[in-house]
file protein-v9.cif (mmCIF, C-alpha atoms)
data_run
loop_
_atom_site.label_atom_id
_atom_site.label_comp_id
_atom_site.auth_asym_id
_atom_site.auth_seq_id
_atom_site.Cartn_x
_atom_site.Cartn_y
_atom_site.Cartn_z
CA MET F 1 24.42 -13.75 4.98
CA ARG F 2 23.81 -11.17 2.25
CA THR F 3 25.88 -8.01 2.01
CA PHE F 4 25.44 -4.93 -0.12
CA LEU F 5 28.42 -3.40 -1.95
CA LYS F 6 28.57 0.36 -2.07
CA VAL F 7 31.05 1.60 -4.66
CA ILE F 8 32.30 5.11 -4.01
CA SER F 9 33.71 6.94 -7.05
CA PHE F 10 34.93 10.51 -7.09
CA SER F 11 36.61 12.87 -9.57
CA SER F 12 40.28 13.72 -9.30
CA ALA F 13 41.29 16.25 -6.66
CA LEU F 14 45.07 15.94 -6.77
CA LEU F 15 47.63 17.37 -9.16
CA LEU F 16 49.33 14.68 -11.21
CA ALA F 17 53.03 14.44 -11.88
CA GLY F 18 54.47 13.61 -15.29
CA ASN F 19 52.98 13.45 -18.77
CA SER F 20 50.41 11.07 -20.14
CA ALA F 21 50.44 9.32 -23.48
CA GLN F 22 48.14 7.03 -25.39
CA ILE F 23 49.52 3.66 -26.53
CA TYR F 24 47.35 1.31 -28.54
CA SER F 25 47.85 -2.39 -29.10
CA TYR F 26 46.34 -4.16 -32.06
CA GLU F 27 45.44 -7.79 -32.55
CA GLN F 28 44.64 -9.10 -36.01
CA LYS F 29 43.05 -12.46 -36.66
CA LYS F 30 43.41 -13.84 -40.19
CA ILE F 31 41.18 -16.43 -41.79
CA ASP F 32 42.31 -18.80 -44.50
CA SER F 33 41.92 -17.05 -47.87
CA ASN F 34 40.24 -20.15 -49.28
CA SER F 35 37.44 -19.80 -46.75
CA ASN F 36 34.27 -17.87 -47.47
CA ILE F 37 34.51 -16.29 -44.02
CA LEU F 38 35.44 -12.63 -44.18
CA ILE F 39 38.61 -11.39 -42.51
CA SER F 40 37.89 -9.45 -39.32
CA ASN F 41 40.06 -7.30 -37.14
CA ALA F 42 39.65 -7.17 -33.37
CA ILE F 43 41.11 -3.99 -32.03
CA GLU F 44 41.78 -3.67 -28.34
CA GLU F 45 42.44 -0.17 -27.11
CA LYS F 46 43.67 0.46 -23.59
CA GLU F 47 44.84 3.67 -21.96
CA ILE F 48 48.46 3.81 -20.77
CA LYS F 49 49.56 6.67 -18.53
CA THR F 50 53.29 7.52 -18.38
CA VAL F 51 54.50 8.99 -15.10
CA THR F 52 57.99 10.18 -14.19
CA ALA F 53 58.66 9.78 -10.47
CA ASN F 54 61.54 9.86 -7.99
CA GLY F 55 62.32 7.21 -5.40
CA PHE F 56 64.67 6.72 -2.47
CA GLY F 57 66.06 3.62 -0.84
CA THR F 58 69.00 1.98 0.86
CA SER F 59 69.50 -0.07 -2.28
CA LEU F 60 68.95 0.49 -5.96
CA GLN F 61 66.18 -2.11 -5.88
CA SER F 62 64.31 -0.48 -2.99
CA ALA F 63 64.73 2.98 -4.55
CA ALA F 64 63.29 1.67 -7.83
CA GLN F 65 60.31 0.19 -6.04
CA ASN F 66 59.79 3.45 -4.13
CA ALA F 67 59.74 5.36 -7.44
CA ALA F 68 57.12 2.95 -8.79
CA GLU F 69 55.08 3.33 -5.57
CA ASN F 70 55.15 7.13 -5.88
CA ALA F 71 54.10 6.93 -9.51
CA LEU F 72 51.13 4.71 -8.72
CA THR F 73 50.14 6.89 -5.76
CA ASN F 74 50.08 9.94 -8.04
CA VAL F 75 47.89 8.10 -10.55
CA VAL F 76 45.39 7.28 -7.82
CA GLY F 77 44.49 10.98 -7.73
CA SER F 78 43.11 10.80 -11.26
CA PHE F 79 40.11 8.76 -10.20
CA LEU F 80 39.80 9.14 -6.41
CA ASP F 81 39.28 12.37 -4.53
CA ALA F 82 41.43 13.43 -1.58
CA GLU F 83 38.74 12.63 1.01
CA THR F 84 38.47 9.05 -0.14
CA GLN F 85 42.23 8.68 -0.30
CA ILE F 86 42.53 9.86 3.29
CA LYS F 87 39.69 7.64 4.45
CA LYS F 88 41.12 4.59 2.70
CA GLN F 89 44.83 5.48 2.86
CA ILE F 90 45.86 2.27 4.60
CA GLU F 91 44.02 0.05 2.12
CA ILE F 92 45.36 2.04 -0.86
CA ARG F 93 48.93 2.10 0.47
CA ASP F 94 48.95 -1.64 1.04
CA GLY F 95 47.41 -2.22 -2.36
CA VAL F 96 50.03 -0.09 -4.13
CA LYS F 97 52.84 -1.89 -2.29
CA SER F 98 51.53 -5.20 -3.53
CA LYS F 99 51.69 -3.91 -7.12
CA ILE F 100 55.34 -2.77 -6.94
CA LYS F 101 56.62 -6.12 -5.74
CA ILE F 102 57.01 -7.10 -9.40
CA ILE F 103 59.43 -4.21 -10.08
CA LYS F 104 62.95 -5.26 -10.90
CA LYS F 105 65.49 -2.56 -11.62
CA ASP F 106 66.85 -4.35 -14.68
CA ILE F 107 63.54 -5.44 -16.28
CA ARG F 108 61.59 -2.94 -18.38
CA ASP F 109 58.52 -4.65 -19.91
CA TYR F 110 55.88 -6.35 -17.72
CA SER F 111 53.22 -8.45 -19.42
CA GLN F 112 50.75 -8.54 -16.49
CA GLY F 113 49.50 -6.26 -13.74
CA SER F 114 48.97 -2.52 -13.51
CA ILE F 115 52.56 -1.56 -14.45
CA LYS F 116 53.32 -2.19 -18.11
CA TYR F 117 56.77 -0.63 -18.36
CA PHE F 118 59.43 0.52 -15.88
CA GLU F 119 62.76 2.19 -16.70
CA ILE F 120 65.31 3.90 -14.45
CA LEU F 121 66.27 7.15 -16.12
CA ASN F 122 68.78 8.46 -13.59
CA VAL F 123 70.54 7.22 -10.44
CA GLN F 124 72.24 9.27 -7.74
CA GLN F 125 73.91 7.89 -4.64
CA ASN F 126 74.55 9.88 -1.49
CA GLY F 127 76.30 7.66 0.97
CA SER F 128 74.09 4.66 1.54
CA ILE F 129 70.98 6.33 0.07
CA PHE F 130 70.04 5.82 -3.57
CA ASN F 131 67.93 8.45 -5.38
CA VAL F 132 66.45 7.32 -8.70
CA THR F 133 64.28 8.92 -11.35
CA ALA F 134 62.13 6.42 -13.20
CA GLN F 135 59.58 6.25 -16.01
CA VAL F 136 56.52 4.21 -15.11
CA ASP F 137 53.84 3.28 -17.65
CA VAL F 138 50.58 2.39 -15.88
CA ARG F 139 47.69 0.39 -17.31
CA ILE F 140 44.94 2.78 -16.18
CA GLU F 141 41.97 0.44 -16.66
CA ASP F 142 43.53 -2.34 -14.63
CA PHE F 143 44.82 -0.03 -11.89
CA ARG F 144 41.55 1.94 -11.63
CA ALA F 145 39.51 -1.23 -11.15
CA TYR F 146 41.96 -2.49 -8.55
CA ILE F 147 42.04 0.73 -6.51
CA LYS F 148 38.27 1.27 -6.66
CA GLU F 149 37.79 -2.19 -5.25
CA LEU F 150 40.14 -1.29 -2.40
CA ALA F 151 38.39 2.05 -1.85
CA SER F 152 34.90 0.59 -1.99
CA ASP F 153 32.81 0.42 1.15
CA THR F 154 30.95 -2.63 2.33
CA LYS F 155 28.57 -2.85 5.22
CA GLU F 156 26.87 -5.91 6.53
CA ILE F 157 23.14 -5.45 7.01
CA ASP F 158 21.61 -7.11 10.00
CA SER F 159 19.39 -9.89 8.71
CA GLY F 160 17.00 -8.97 11.50
CA LEU F 161 16.07 -5.81 9.59
CA PHE F 162 14.80 -7.85 6.67
CA ALA F 163 13.12 -10.26 9.03
CA SER F 164 11.28 -7.38 10.69
CA ILE F 165 10.15 -6.07 7.29
CA GLN F 166 8.91 -9.52 6.35
CA THR F 167 7.16 -9.83 9.70
CA ASP F 168 5.45 -6.47 9.21
CA THR F 169 4.28 -7.53 5.75
CA GLN F 170 2.96 -10.82 7.07
CA ASN F 171 1.27 -9.01 9.95
CA ILE F 172 -0.54 -6.57 7.70
CA GLU F 173 -1.60 -9.42 5.40
CA ASN F 174 -2.96 -11.29 8.42
CA LYS F 175 -4.80 -8.16 9.52
CA ILE F 176 -6.42 -7.81 6.11
CA ASP F 177 -7.44 -11.47 6.14
CA LEU F 178 -8.99 -11.03 9.58
CA LEU F 179 -10.73 -7.88 8.38
CA GLY F 180 -12.22 -9.97 5.61
CA LYS F 181 -13.74 -12.28 8.21
CA ILE F 182 -15.74 -9.27 9.38
CA ILE F 183 -16.53 -7.47 6.14
CA ASN F 184 -17.48 -10.34 3.84
CA PRO F 185 -20.14 -11.90 6.12
CA LEU F 186 -21.59 -8.43 6.72
CA ILE F 187 -21.86 -7.65 3.04
CA ASN F 188 -23.33 -11.08 2.29
CA GLY F 189 -25.90 -10.78 5.06
CA GLU F 190 -24.70 -14.03 6.64
CA VAL F 191 -24.50 -12.60 10.18
CA ILE F 192 -27.61 -10.44 10.19
CA ASP F 193 -30.77 -11.50 11.97
CA LEU F 194 -34.11 -10.31 10.56
CA GLU F 195 -37.01 -9.67 12.87
CA ILE F 196 -40.43 -8.86 11.40
CA GLY F 197 -42.74 -7.19 13.90
CA ASN F 198 -46.52 -7.18 14.09
CA PRO F 199 -48.18 -5.44 11.14
CA GLN F 200 -50.39 -2.45 11.91
CA ARG F 201 -52.82 -0.42 9.90
CA LEU F 202 -50.98 2.56 8.52
CA LYS F 203 -53.49 4.99 10.02
CA GLU F 204 -52.86 3.50 13.46
CA VAL F 205 -49.09 2.92 13.26
CA SER F 206 -47.14 3.22 16.53
CA ALA F 207 -44.02 1.10 15.87
CA PHE F 208 -40.70 2.92 16.33
CA ASN F 209 -42.65 5.80 17.92
CA CYS F 210 -44.10 6.66 14.53
CA ARG F 211 -47.56 8.04 13.79
CA TYR F 212 -49.48 8.92 10.71
CA LEU F 213 -50.30 12.60 10.22
CA ASN F 214 -53.54 12.55 8.27
CA THR F 215 -53.50 16.22 7.37
CA LYS F 216 -50.08 16.04 5.71
CA SER F 217 -50.01 12.45 4.43
CA ILE F 218 -46.73 11.83 6.15
CA ILE F 219 -45.40 9.54 8.85
CA SER F 220 -43.70 11.29 11.76
CA CYS F 221 -41.13 9.29 13.73
CA GLY F 222 -39.65 11.52 16.41
CA ASN F 223 -37.50 14.05 14.58
CA TYR F 224 -37.97 12.36 11.24
CA ALA F 225 -40.78 12.79 8.76
CA PHE F 226 -41.46 10.64 5.71
CA GLY F 227 -43.95 11.10 2.91
CA ILE F 228 -46.03 8.04 1.98
CA GLY F 229 -46.29 8.87 -1.70
CA SER F 230 -49.25 7.37 -3.54
CA ILE F 231 -50.08 4.80 -0.85
CA ASN F 232 -53.67 4.93 0.37
CA PRO F 233 -53.49 5.06 4.20
CA ASN F 234 -56.96 3.55 4.51
CA SER F 235 -55.99 0.25 2.86
CA ALA F 236 -52.29 0.02 3.70
CA ILE F 237 -50.44 -1.64 6.54
CA ALA F 238 -47.11 -0.78 8.20
CA VAL F 239 -44.68 -3.60 9.04
CA PRO F 240 -41.80 -2.86 11.44
CA ILE F 241 -38.59 -4.74 10.56
CA ILE F 242 -35.30 -4.81 12.45
CA PHE F 243 -31.98 -5.97 11.01
CA SER F 244 -29.71 -6.92 13.93
CA LEU F 245 -26.10 -8.00 14.08
CA ASN F 246 -25.73 -11.53 15.33
CA LYS F 247 -24.50 -11.31 18.96
CA ASP F 248 -21.77 -13.93 18.63
CA PHE F 249 -20.50 -12.32 15.45
CA LYS F 250 -20.64 -8.89 17.09
CA ASN F 251 -18.43 -9.99 19.98
CA ASN F 252 -16.01 -11.73 17.63
CA ALA F 253 -15.83 -8.71 15.31
CA ILE F 254 -15.06 -6.35 18.19
CA ASN F 255 -12.36 -8.73 19.43
CA ILE F 256 -10.75 -8.86 15.97
CA LEU F 257 -10.84 -5.07 15.56
CA GLU F 258 -9.26 -4.55 18.98
CA ASN F 259 -6.42 -6.91 18.08
CA ILE F 260 -5.62 -5.67 14.57
CA SER F 261 -6.02 -1.93 15.17
CA SER F 262 -3.05 0.39 15.65
CA ASP F 263 -5.16 2.86 17.59
CA GLN F 264 -8.73 3.19 18.79
CA TRP F 265 -10.87 5.85 20.40
CA SER F 266 -14.42 5.96 21.67
CA GLY F 267 -17.12 8.56 22.01
CA THR F 268 -20.79 9.37 21.78
CA LEU F 269 -22.48 11.04 18.86
CA THR F 270 -23.13 14.56 20.08
CA THR F 271 -25.78 16.99 18.96
CA ASN F 272 -24.53 20.23 17.43
CA VAL F 273 -25.78 23.22 19.40
CA GLY F 274 -28.20 25.41 17.50
CA ASP F 275 -29.34 22.80 14.97
CA SER F 276 -33.07 22.63 14.46
CA LEU F 277 -32.71 18.88 13.99
CA PRO F 278 -30.16 16.64 15.71
CA THR F 279 -26.93 16.18 13.78
CA TYR F 280 -24.07 14.03 14.89
CA ARG F 281 -20.34 14.00 14.31
CA LEU F 282 -17.71 11.32 14.71
CA VAL F 283 -14.34 12.30 16.13
CA ASN F 284 -11.70 11.67 13.50
CA LYS F 285 -8.02 11.15 14.36
CA ASP F 286 -6.83 9.81 11.04
CA ASN F 287 -5.58 12.34 8.50
CA ASN F 288 -4.12 9.72 6.20
CA TYR F 289 -7.21 7.90 5.00
CA LYS F 290 -5.58 7.19 1.63
CA GLU F 291 -3.29 4.66 3.33
CA ASN F 292 -5.19 3.57 6.43
CA TYR F 293 -8.57 2.07 7.17
CA THR F 294 -10.80 3.41 9.90
CA ILE F 295 -13.63 1.09 10.92
CA THR F 296 -16.28 2.48 13.27
CA PHE F 297 -18.61 0.34 15.35
CA LEU F 298 -21.79 2.21 16.31
CA THR F 299 -24.48 1.17 18.76
CA ILE F 300 -27.72 2.74 17.58
CA ASP F 301 -29.70 2.95 20.82
CA ASN F 302 -27.16 4.84 22.93
CA ARG F 303 -25.17 6.28 19.98
CA ASN F 304 -21.88 5.13 21.51
CA TYR F 305 -19.14 4.33 19.04
CA THR F 306 -15.58 3.05 18.91
CA ARG F 307 -13.29 3.80 15.99
CA TYR F 308 -10.47 1.44 15.03
CA LEU F 309 -7.46 2.61 13.00
CA ILE F 310 -5.78 -0.10 10.92
CA LYS F 311 -2.58 1.50 9.70
CA ASP F 312 -1.35 1.00 6.11
CA ALA F 313 -4.04 -1.60 5.49
CA ARG F 314 -5.61 0.30 2.57
CA ILE F 315 -2.35 0.29 0.59
CA TYR F 316 -1.68 -3.42 1.12
CA ASN F 317 -5.27 -4.36 0.38
CA GLN F 318 -5.22 -2.44 -2.90
CA GLU F 319 -2.00 -4.19 -3.93
CA ARG F 320 -3.10 -7.71 -3.00
CA GLY F 321 -4.46 -8.56 -6.42
CA LEU F 322 -1.40 -7.11 -8.15
CA ILE F 323 1.33 -8.74 -6.05
CA ASN F 324 0.22 -12.15 -4.89
CA ASN F 325 -3.14 -12.71 -6.57
CA LEU F 326 -4.99 -12.55 -3.27
CA LYS F 327 -8.52 -11.28 -3.44
CA GLN F 328 -9.03 -7.76 -2.19
CA ILE F 329 -11.26 -7.35 0.81
CA PRO F 330 -14.14 -5.03 -0.22
CA VAL F 331 -13.68 -2.72 2.75
CA SER F 332 -14.93 0.25 0.78
CA GLY F 333 -17.38 -1.80 -1.22
CA TRP F 334 -20.34 0.55 -1.17
CA GLY F 335 -19.23 2.04 -4.48
CA ARG F 336 -19.70 -1.45 -5.97
CA CYS F 337 -22.84 -2.16 -4.00
CA SER F 338 -24.89 -3.11 -7.04
CA SER F 339 -22.45 -5.95 -7.86
CA LEU F 340 -21.29 -7.02 -4.38
CA TYR F 341 -24.27 -6.85 -2.06
CA PRO F 342 -27.09 -9.42 -2.18
CA TYR F 343 -30.67 -8.53 -3.00
CA VAL F 344 -33.34 -8.23 -0.38
CA ARG F 345 -36.31 -10.31 -1.56
CA LEU F 346 -39.80 -9.41 -0.43
CA SER F 347 -42.45 -12.08 -0.84
CA PHE F 348 -46.17 -12.32 -0.01
CA ILE F 349 -47.45 -15.78 0.87
CA ASP F 350 -51.00 -17.17 0.79
CA GLU F 351 -52.57 -19.64 3.21
CA LYS F 352 -51.24 -22.58 1.17
CA GLU F 353 -47.65 -21.33 1.66
CA THR F 354 -47.56 -20.39 -2.01
CA SER F 355 -45.82 -17.22 -3.09
CA LEU F 356 -48.32 -14.76 -4.52
CA TRP F 357 -45.83 -12.06 -5.36
CA SER F 358 -42.06 -11.70 -5.06
CA LYS F 359 -39.55 -9.05 -5.95
CA ASP F 360 -35.83 -8.49 -5.40
CA PHE F 361 -34.68 -5.06 -4.25
CA LEU F 362 -31.20 -3.59 -4.42
CA GLN F 363 -29.73 -2.46 -1.13
CA CYS F 364 -28.00 0.42 -2.90
CA HIS F 365 -30.84 2.87 -2.54
CA ARG F 366 -28.34 5.68 -2.53
CA PHE F 367 -27.87 5.11 -6.25
CA THR F 368 -31.22 3.82 -7.43
CA LYS F 369 -33.26 6.24 -5.31
CA LYS F 370 -35.99 3.62 -5.59
CA LEU F 371 -37.34 2.82 -2.16
CA TRP F 372 -40.71 1.83 -3.55
CA SER F 373 -42.45 -0.51 -5.97
CA GLU F 374 -45.84 -0.10 -7.58
CA ASP F 375 -47.70 -2.49 -9.88
CA GLU F 376 -51.20 -3.86 -10.34
CA ASP F 377 -50.94 -6.09 -7.24
CA PHE F 378 -49.02 -4.12 -4.61
CA ASN F 379 -47.99 -0.59 -3.77
CA ILE F 380 -44.89 -0.77 -1.57
CA GLN F 381 -42.59 1.69 0.12
CA PHE F 382 -39.49 1.11 2.26
CA ILE F 383 -38.73 3.64 5.00
CA TYR F 384 -35.24 3.32 6.51
CA PHE F 385 -34.31 5.46 9.50
CA PRO F 386 -31.11 7.49 9.30
CA VAL F 387 -28.89 8.10 12.31
CA SER F 388 -29.42 11.84 11.96
CA GLU F 389 -31.42 13.97 9.65
CA ALA F 390 -29.72 17.27 8.82
CA ARG F 391 -28.16 17.20 5.36
CA THR F 392 -25.06 19.06 6.48
CA SER F 393 -23.57 16.22 8.49
CA HIS F 394 -25.97 13.29 8.78
CA LEU F 395 -24.91 9.67 8.83
CA SER F 396 -26.71 7.89 6.05
CA PRO F 397 -28.84 4.88 7.01
CA SER F 398 -27.22 1.49 6.81
CA TYR F 399 -30.30 0.04 5.11
CA SER F 400 -30.32 -3.73 5.49
CA THR F 401 -26.55 -4.24 5.22
CA LEU F 402 -25.43 -2.93 8.62
CA TYR F 403 -22.17 -2.07 6.88
CA ASN F 404 -21.59 1.12 5.01
CA GLU F 405 -19.20 3.89 4.19
CA ILE F 406 -19.46 6.92 6.45
CA ARG F 407 -21.20 9.07 3.89
CA THR F 408 -21.74 12.53 5.28
CA TYR F 409 -21.69 15.91 3.63
CA SER F 410 -18.95 17.25 5.90
CA GLN F 411 -16.78 14.25 6.80
CA HIS F 412 -15.42 12.74 3.62
CA GLY F 413 -12.78 10.06 3.85
CA THR F 414 -13.59 9.16 7.44
CA GLY F 415 -13.80 5.42 6.91
CA ASN F 416 -16.45 2.75 7.14
CA ILE F 417 -19.05 1.99 9.74
CA ILE F 418 -20.72 -1.09 11.23
CA PHE F 419 -24.16 -0.56 12.76
CA ASP F 420 -25.40 -2.97 15.39
CA LYS F 421 -28.88 -2.73 13.90
CA SER F 422 -31.05 -0.95 11.37
CA ARG F 423 -34.78 -0.21 11.38
CA LEU F 424 -37.14 -0.43 8.45
CA LEU F 425 -40.81 0.46 8.24
CA LEU F 426 -42.39 -1.40 5.32
CA LEU F 427 -45.57 0.12 3.94
CA VAL F 428 -47.72 -2.32 1.97
CA GLU F 429 -50.94 -1.60 0.10
CA PRO F 430 -52.43 -4.70 -1.56
CA ILE F 431 -54.44 -3.89 -4.69
CA GLY F 432 -57.75 -5.54 -5.52
CA GLU F 433 -58.20 -9.17 -4.58
CA MET F 434 -54.67 -9.35 -3.11
CA LEU F 435 -56.10 -7.65 -0.06
CA ASN F 436 -57.78 -10.94 0.93
CA LYS F 437 -55.16 -13.41 -0.29
CA VAL F 438 -52.06 -12.34 1.64
CA LYS F 439 -51.54 -14.31 4.83
CA SER F 440 -47.83 -13.67 5.56
CA ILE F 441 -44.83 -11.61 4.56
CA LYS F 442 -41.36 -13.00 3.96
CA LEU F 443 -38.10 -11.05 3.77
CA GLU F 444 -34.76 -12.71 2.92
CA TYR F 445 -31.34 -12.12 1.43
CA VAL F 446 -30.73 -13.51 -2.04
CA GLN F 447 -27.12 -13.96 -3.12
CA ARG F 448 -26.21 -13.01 -6.64
#

call {"tool": "encode", "arguments": {"input": "protein-v9.cif", "output": "structure tokens"}}
result
Amino acid sequence: MRTFLKVISFSSALLLAGNSAQIYSYEQKKIDSNSNILISNAIEEKEIKTVTANGFGTSLQSAAQNAAENALTNVVGSFLDAETQIKKQIEIRDGVKSKIKIIKKDIRDYSQGSIKYFEILNVQQNGSIFNVTAQVDVRIEDFRAYIKELASDTKEIDSGLFASIQTDTQNIENKIDLLGKIINPLINGEVIDLEIGNPQRLKEVSAFNCRYLNTKSIISCGNYAFGIGSINPNSAIAVPIIFSLNKDFKNNAINILENISSDQWSGTLTTNVGDSLPTYRLVNKDNNYKENYTITFLTIDNRNYTRYLIKDARIYNQERGLINNLKQIPVSGWGRCSSLYPYVRLSFIDEKETSLWSKDFLQCHRFTKKLWSEDEDFNIQFIYFPVSEARTSHLSPSYSTLYNEIRTYSQHGTGNIIFDKSRLLLLVEPIGEMLNKVKSIKLEYVQR
């Protein structure tokens, strides 16, 4: 069992009796003069304190020892304060008594111990009581070390405290590992199902309740409106695509989050009164996002959400690579999206199952701002649907990752979010002879 030693040292708070003097002892070591080794002197300097003290006893011997005890007790005040002396008076008294056992009334010099020299200066006898005055020379360094050891405080620490700390550390590490079983497959696209719907002519689009407004060259989808850029609506098609979270993974992820979270709360995205367009806010109960993780699971269709607070996980995750060489879980990986997330590859296939055209797109459209591609063969535009539109507090679209930071203009530091699905409207305008060659469209994740 381990114990911690707490040494308590205080300045003097008692008046000292007697006078002090400095006595130095010298030790010289000589080397043979015929040797080439230089002569060196080793000087040992130790402080000696001389105290004159009185003592009483029923014998001359006991009176002498009492005088030595009083002298040592007075010296204690030079390096321990009164409070400590009172607190440890029994230990100090017993310790001093053990030191005076060496005192003999007829012996003056003592080669070992805290008392170096003892001499009776005067003796008075009153009946059976002896009263002596004695000179006591005390080796301060030796006596100080001895008394401080007696006056020190030790306290056993329950090993269960350290066990609980270790358990907490192991628990948080396990939580981070389990969090990685959710985050990594999401980022890699391993648990996302892609569903490509039936293509429609852009002018006749109806998927996702969208319609083409000929007079404005935009696509209107409920409360959202998107410009089509340079795409010719007469020769373009619209392809609805849905990215959905695998159902088994979804259930497993929710189960993990419920077990590793310190707190959780649910709600429904509510529309702010007075907004011309619907805006939605997430209830936030975590004011310490620099230490904790908050993971939100959002169901798009009914806008219900549950938020999971994983306490202290951010700190431990950030230190993983520094302490035990464990790989950090990219919980807040959107800032490194261009290096972490896979590409989304769009390919056009002919009737011989040969790829006519293929291109890899970054999922980090927030940074590239490039939701389109235009060359001599195809004019392409990706339209992702956000959760809400108003720039003051909208939740940015998840794109094809289904995992994102909660990036709003009014709720910074509110954690990360998992969408159960994401919708994409792909606008494709084949150029020239490609119009007759394309037989199918392929969309896939491509790992880096």

call {"tool": "closest_residue", "arguments": {"input": "protein-v9.cif", "among": "F:Asp137, F:Asp375, F:Asp109, F:Asp94", "to": "Ala53 in chain F", "atoms": "only C-alpha atoms"}}
result
F:Asp137

call {"tool": "residues_around", "arguments": {"input": "protein-v9.cif", "residues": "Ile329 in chain F", "least_positions_apart": "4", "cutoff": "12 Å", "atoms": "only C-alpha atoms", "output": "ChimeraX atom specification"}}
result
/F:173-187,293,313-321,333,340

call {"tool": "write_last_selection", "arguments": {"input": "protein-v9.cif", "atoms": "C-alpha atoms", "output": "short mmCIF file (atom, residue, chain, number, x, y, z; two decimals), in the frame of the given file"}}
result
data_model
loop_
_atom_site.label_atom_id
_atom_site.label_comp_id
_atom_site.auth_asym_id
_atom_site.auth_seq_id
_atom_site.Cartn_x
_atom_site.Cartn_y
_atom_site.Cartn_z
CA GLU F 173 -1.60 -9.42 5.40
CA ASN F 174 -2.96 -11.29 8.42
CA LYS F 175 -4.80 -8.16 9.52
CA ILE F 176 -6.42 -7.81 6.11
CA ASP F 177 -7.44 -11.47 6.14
CA LEU F 178 -8.99 -11.03 9.58
CA LEU F 179 -10.73 -7.88 8.38
CA GLY F 180 -12.22 -9.97 5.61
CA LYS F 181 -13.74 -12.28 8.21
CA ILE F 182 -15.74 -9.27 9.38
CA ILE F 183 -16.53 -7.47 6.14
CA ASN F 184 -17.48 -10.34 3.84
CA PRO F 185 -20.14 -11.90 6.12
CA LEU F 186 -21.59 -8.43 6.72
CA ILE F 187 -21.86 -7.65 3.04
CA TYR F 293 -8.57 2.07 7.17
CA ALA F 313 -4.04 -1.60 5.49
CA ARG F 314 -5.61 0.30 2.57
CA ILE F 315 -2.35 0.29 0.59
CA TYR F 316 -1.68 -3.42 1.12
CA ASN F 317 -5.27 -4.36 0.38
CA GLN F 318 -5.22 -2.44 -2.90
CA GLU F 319 -2.00 -4.19 -3.93
CA ARG F 320 -3.10 -7.71 -3.00
CA GLY F 321 -4.46 -8.56 -6.42
CA GLY F 333 -17.38 -1.80 -1.22
CA LEU F 340 -21.29 -7.02 -4.38
#

call {"tool": "atom_distance", "arguments": {"input": "protein-v9.cif", "atom1": "CA of Thr354 in chain F", "atom2": "CA of Ile431 in chain F"}}
result
18.1 Å

call {"tool": "atom_distance", "arguments": {"input": "protein-v9.cif", "atom1": "CA of Ile48 in chain F", "atom2": "CA of Arg139 in chain F"}}
result
4.9 Å

call {"tool": "atom_distance", "arguments": {"input": "protein-v9.cif", "atom1": "CA of Ile103 in chain F", "atom2": "CA of Gln65 in chain F"}}
result
6.0 Å

call {"tool": "closest_residue", "arguments": {"input": "protein-v9.cif", "among": "F:Tyr343, F:Phe297, F:Phe226, F:Phe419", "to": "Asp360 in chain F", "atoms": "all atoms listed in the file"}}
result
F:Tyr343

call {"tool": "closest_residue", "arguments": {"input": "protein-v9.cif", "among": "F:Ile241, F:Ile417, F:Leu426, F:Cys337", "to": "Leu194 in chain F", "atoms": "only C-alpha atoms"}}
result
F:Ile241

call {"tool": "residues_around", "arguments": {"input": "protein-v9.cif", "residues": "Ile254 in chain F", "least_positions_apart": "2", "cutoff": "10 Å", "atoms": "only C-alpha atoms", "output": "PyMOL selection string"}}
result
chain F and resi 182+249-252+256-259+297+306+308

call {"tool": "resolve_selection", "arguments": {"input": "protein-v9.cif", "expression": "the PyMOL selection byres ((chain F and resi 439) around 9)", "output": "PyMOL selection string"}}
result
chain F and resi 348-351+353+436-438+440-441

call {"tool": "write_last_selection", "arguments": {"input": "protein-v9.cif", "atoms": "C-alpha atoms", "output": "compact mmCIF listing (two decimals), keeping the file's coordinate frame"}}
result
# COMPACT_ATOMS: atom_id res chain seq x y z
CA PHE F 348 -46.17 -12.32 -0.01
CA ILE F 349 -47.45 -15.78 0.87
CA ASP F 350 -51.00 -17.17 0.79
CA GLU F 351 -52.57 -19.64 3.21
CA GLU F 353 -47.65 -21.33 1.66
CA ASN F 436 -57.78 -10.94 0.93
CA LYS F 437 -55.16 -13.41 -0.29
CA VAL F 438 -52.06 -12.34 1.64
CA SER F 440 -47.83 -13.67 5.56
CA ILE F 441 -44.83 -11.61 4.56

call {"tool": "closest_residue", "arguments": {"input": "protein-v9.cif", "among": "F:Ala238, F:Phe378, F:Val96, F:Gly127", "to": "Asn198 in chain F", "atoms": "all atoms listed in the file"}}
result
F:Ala238

call {"tool": "resolve_selection", "arguments": {"input": "protein-v9.cif", "expression": "the PyMOL selection byres ((chain F and resi 338) around 8)", "output": "NGL selection string"}}
result
:F and (336-337 or 339-341 or 362-364)

call {"tool": "resolve_selection", "arguments": {"input": "protein-v9.cif", "expression": "the PyMOL selection byres ((chain F and resi 66) around 8)", "output": "PDB file with C-alpha atoms, in the coordinates of the input"}}
result
ATOM      1  CA  ASN F  54      61.540   9.860  -7.990  1.00  0.00           C
ATOM      2  CA  GLY F  55      62.320   7.210  -5.400  1.00  0.00           C
ATOM      3  CA  PHE F  56      64.670   6.720  -2.470  1.00  0.00           C
ATOM      4  CA  GLY F  57      66.060   3.620  -0.840  1.00  0.00           C
ATOM      5  CA  SER F  62      64.310  -0.480  -2.990  1.00  0.00           C
ATOM      6  CA  ALA F  63      64.730   2.980  -4.550  1.00  0.00           C
ATOM      7  CA  ALA F  64      63.290   1.670  -7.830  1.00  0.00           C
ATOM      8  CA  GLN F  65      60.310   0.190  -6.040  1.00  0.00           C
ATOM      9  CA  ALA F  67      59.740   5.360  -7.440  1.00  0.00           C
ATOM     10  CA  ALA F  68      57.120   2.950  -8.790  1.00  0.00           C
ATOM     11  CA  GLU F  69      55.080   3.330  -5.570  1.00  0.00           C
ATOM     12  CA  ASN F  70      55.150   7.130  -5.880  1.00  0.00           C
TER      13      ASN F  70
END
